[in-house]
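Chemist: Below you will find the structure I want to go over with you.
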Amino acid sequence: MAETVELPIIDLSSPDRISTAKSIRQACVDYGFFYLVNHGVEGQLLSKVLEESKKFFSLPLKEKMKLSRKHHRGYTPLYAENLDPLSRSKGDSKETFYVGPVEGDMAQTNLNQWPSQEIFPSWRFTMESYHKKLMSAGKKLIYLIAMALNLDEDYFEKVGALDTPSGFLRLLHYPGELGCFNEQIYGASEHSDYGMITLLASDGVPGLQVCRDKFNQPRLWEDVLHINGAFIVNVGDMMERWTNCLFRSTLHRVMPVGQERYSLAFFLDPNPDCVVECLESCCSPSCPARFPPIRSGAYLEERFKLTYGE
Ligand SMILES: O=C(O)CCC(=O)C(=O)O
Ligand SMILES: [Fe+2]
């Protein structure tokens, strides 16, 4: 049995933003994960999104495959993704559906794929509403993260990260099978997320685990408990690069628990043209930048290629 990790709780609505920023800094340094409460996304909307997601995944595979993933939007079937490219498993035991940006650049928003309105009349509207709400909560958090790094609160805006930022919503369904003896099948194999931050919600079924020290072997995995109504936020790899590993992009995975599970991951990524390079406040002659500057779009493309074996 894994131990349970006690993650800090951050209140997004607290008027004391300086103190909130300090707590976020501590959480990102110590864990790379925290709970977010009072984020402005109503429980009713969250339930509706989970319900619509369930409806989609319960369609016959043939129907779902009509919307198969293009331009990183749409459906990916069981075992199509392997979040740990180093593992030799046949892939993760999950199916997913991606919704890309829903506002701003028409060329981007038009790439989204939607199930037929006749079958699911409110599906698109529900997903778009959720996407917009998450984008707004995510941006507030990015302002606080800038403060947490002793930068101007609009720092990430000024470097172009938030010029039509890429928000990708991933609906996930884990069928809950336990695999067989000679093969380890994960719901989601170990990985860190690629972008700035991720906001995660689930139906409450357990399975999520974190490994706080990715350089330590053997790995120590700890369970993350569900808190009703709270998002679980984690730092992504590009934020880790910006902060020269001050903020950690923590490894996590989803174990199969023999129970079906639904979750929603919202990835807030910098605009593809934004260059991610070590913040001045995070390097010094004794602690030089560990990563060269990269363009966000190029970095993401490379990571997707590894995930999908494309
Ligand atoms: O389903 C979960 O709880 C985690 C999903 C996840 O880590 C991801 O989609 O990147
Ligand atoms: Fe993840």
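FYI, nothing fancy with the structure tokens labels: chains A, B, ... in order, residues from 1 per chain, ligands from 1 as they appear.
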Hey, which residues come within 7 Å of ligand 1 if we count only C-alpha atoms and all ligand atoms? Could you give them as an MDAnalysis selection string?

Modeler: chainID A and resid 170 172 188 193 200 202 208 252:254 263:265

Chemist: Within 12 Å of ligand 2, counting only C-alpha atoms and all ligand atoms, which protein or nucleic acid residues do you find, written as a ChimeraX atom specification?

Modeler: /A:32-33,82-84,169-172,187-201,208-210,232-237,249-254,263-268

Chemist: Would you return as JSON, numbers by chain the members of stretch 156-260 of chain A that DSSP assigns to alpha helix (DSSP H) on this structure's backbone?

Modeler: {"A": [156, 157, 158, 237, 238, 239, 240, 241, 242]}

Chemist: Output C-alpha atoms for every residue in that selection, as a short mmCIF file (atom, residue, chain, number, x, y, z; two decimals), in the first residue's frame.

Modeler:
```cif
data_model
loop_
_atom_site.label_atom_id
_atom_site.label_comp_id
_atom_site.auth_asym_id
_atom_site.auth_seq_id
_atom_site.Cartn_x
_atom_site.Cartn_y
_atom_site.Cartn_z
CA PHE A 156 4.13 35.67 -18.54
CA GLU A 157 1.76 37.94 -20.43
CA LYS A 158 4.67 40.23 -21.36
CA ASP A 237 8.01 20.76 -17.79
CA MET A 238 8.11 24.18 -19.42
CA MET A 239 7.53 25.86 -16.07
CA GLU A 240 10.31 23.70 -14.66
CA ARG A 241 12.59 24.93 -17.47
CA TRP A 242 11.64 28.56 -16.88
#
```

Chemist: Residues of stretch 39-241 of chain A in strand (DSSP E) according to DSSP, as a PyMOL selection string?

Modeler: chain A and resi 74-76+95-99+166-174+188-191+197-202+208-211+222-223+231-235

Chemist: Mind dumping the selected residues with C-alpha atoms as a JSON list (two decimals), in the first residue's frame?

Modeler:
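So again30.json came out as:
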```json
[["chain", "number", "residue", "atom", "x", "y", "z"],
["A", 74, "GLY", "CA", -10.45, 14.36, -30.96],
["A", 75, "TYR", "CA", -10.45, 10.74, -29.84],
["A", 76, "THR", "CA", -7.62, 8.35, -29.00],
["A", 95, "GLU", "CA", -9.14, 6.38, -23.88],
["A", 96, "THR", "CA", -9.12, 10.13, -24.31],
["A", 97, "PHE", "CA", -10.75, 12.99, -26.14],
["A", 98, "TYR", "CA", -8.96, 16.29, -26.73],
["A", 99, "VAL", "CA", -10.57, 19.70, -27.08],
["A", 166, "SER", "CA", -2.86, 26.88, -25.91],
["A", 167, "GLY", "CA", -5.39, 25.37, -23.57],
["A", 168, "PHE", "CA", -6.00, 21.69, -24.21],
["A", 169, "LEU", "CA", -8.73, 19.84, -22.36],
["A", 170, "ARG", "CA", -8.23, 16.09, -22.22],
["A", 171, "LEU", "CA", -11.22, 13.98, -21.22],
["A", 172, "LEU", "CA", -10.02, 10.66, -19.86],
["A", 173, "HIS", "CA", -11.73, 7.33, -19.32],
["A", 174, "TYR", "CA", -9.94, 4.47, -17.57],
["A", 188, "ALA", "CA", -1.59, 6.37, -17.25],
["A", 189, "SER", "CA", 2.08, 5.40, -17.07],
["A", 190, "GLU", "CA", 4.55, 7.63, -15.26],
["A", 191, "HIS", "CA", 5.11, 11.00, -16.87],
["A", 197, "ILE", "CA", 0.44, 24.09, -15.46],
["A", 198, "THR", "CA", -2.26, 21.42, -15.50],
["A", 199, "LEU", "CA", -5.61, 21.61, -13.70],
["A", 200, "LEU", "CA", -7.00, 18.18, -13.00],
["A", 201, "ALA", "CA", -10.46, 17.08, -11.90],
["A", 202, "SER", "CA", -11.86, 13.58, -11.48],
["A", 208, "LEU", "CA", -3.51, 9.03, -9.05],
["A", 209, "GLN", "CA", -0.01, 8.79, -7.57],
["A", 210, "VAL", "CA", 2.98, 11.13, -7.46],
["A", 211, "CYS", "CA", 6.70, 10.50, -7.17],
["A", 222, "GLU", "CA", 2.37, 8.26, -2.96],
["A", 223, "ASP", "CA", -1.41, 8.36, -3.41],
["A", 231, "PHE", "CA", -8.71, 20.89, -8.68],
["A", 232, "ILE", "CA", -5.36, 19.20, -8.45],
["A", 233, "VAL", "CA", -2.83, 21.53, -10.05],
["A", 234, "ASN", "CA", 0.62, 20.47, -11.17],
["A", 235, "VAL", "CA", 3.63, 22.22, -12.62]]
```

Chemist: Can you list, as a list in words, every protein, DNA or RNA residue that comes within 10 Å of A:Leu46 when you count only C-alpha atoms, leaving out same-chain residues fewer than 4 positions away?

Modeler: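 Once the nearby chain positions are removed, what remains is Val41, Glu42, Leu50, Glu51, Thr126, Met127, Tyr130, Ala201, Ser202, Asp203, Gly229 and Leu264 of chain A.
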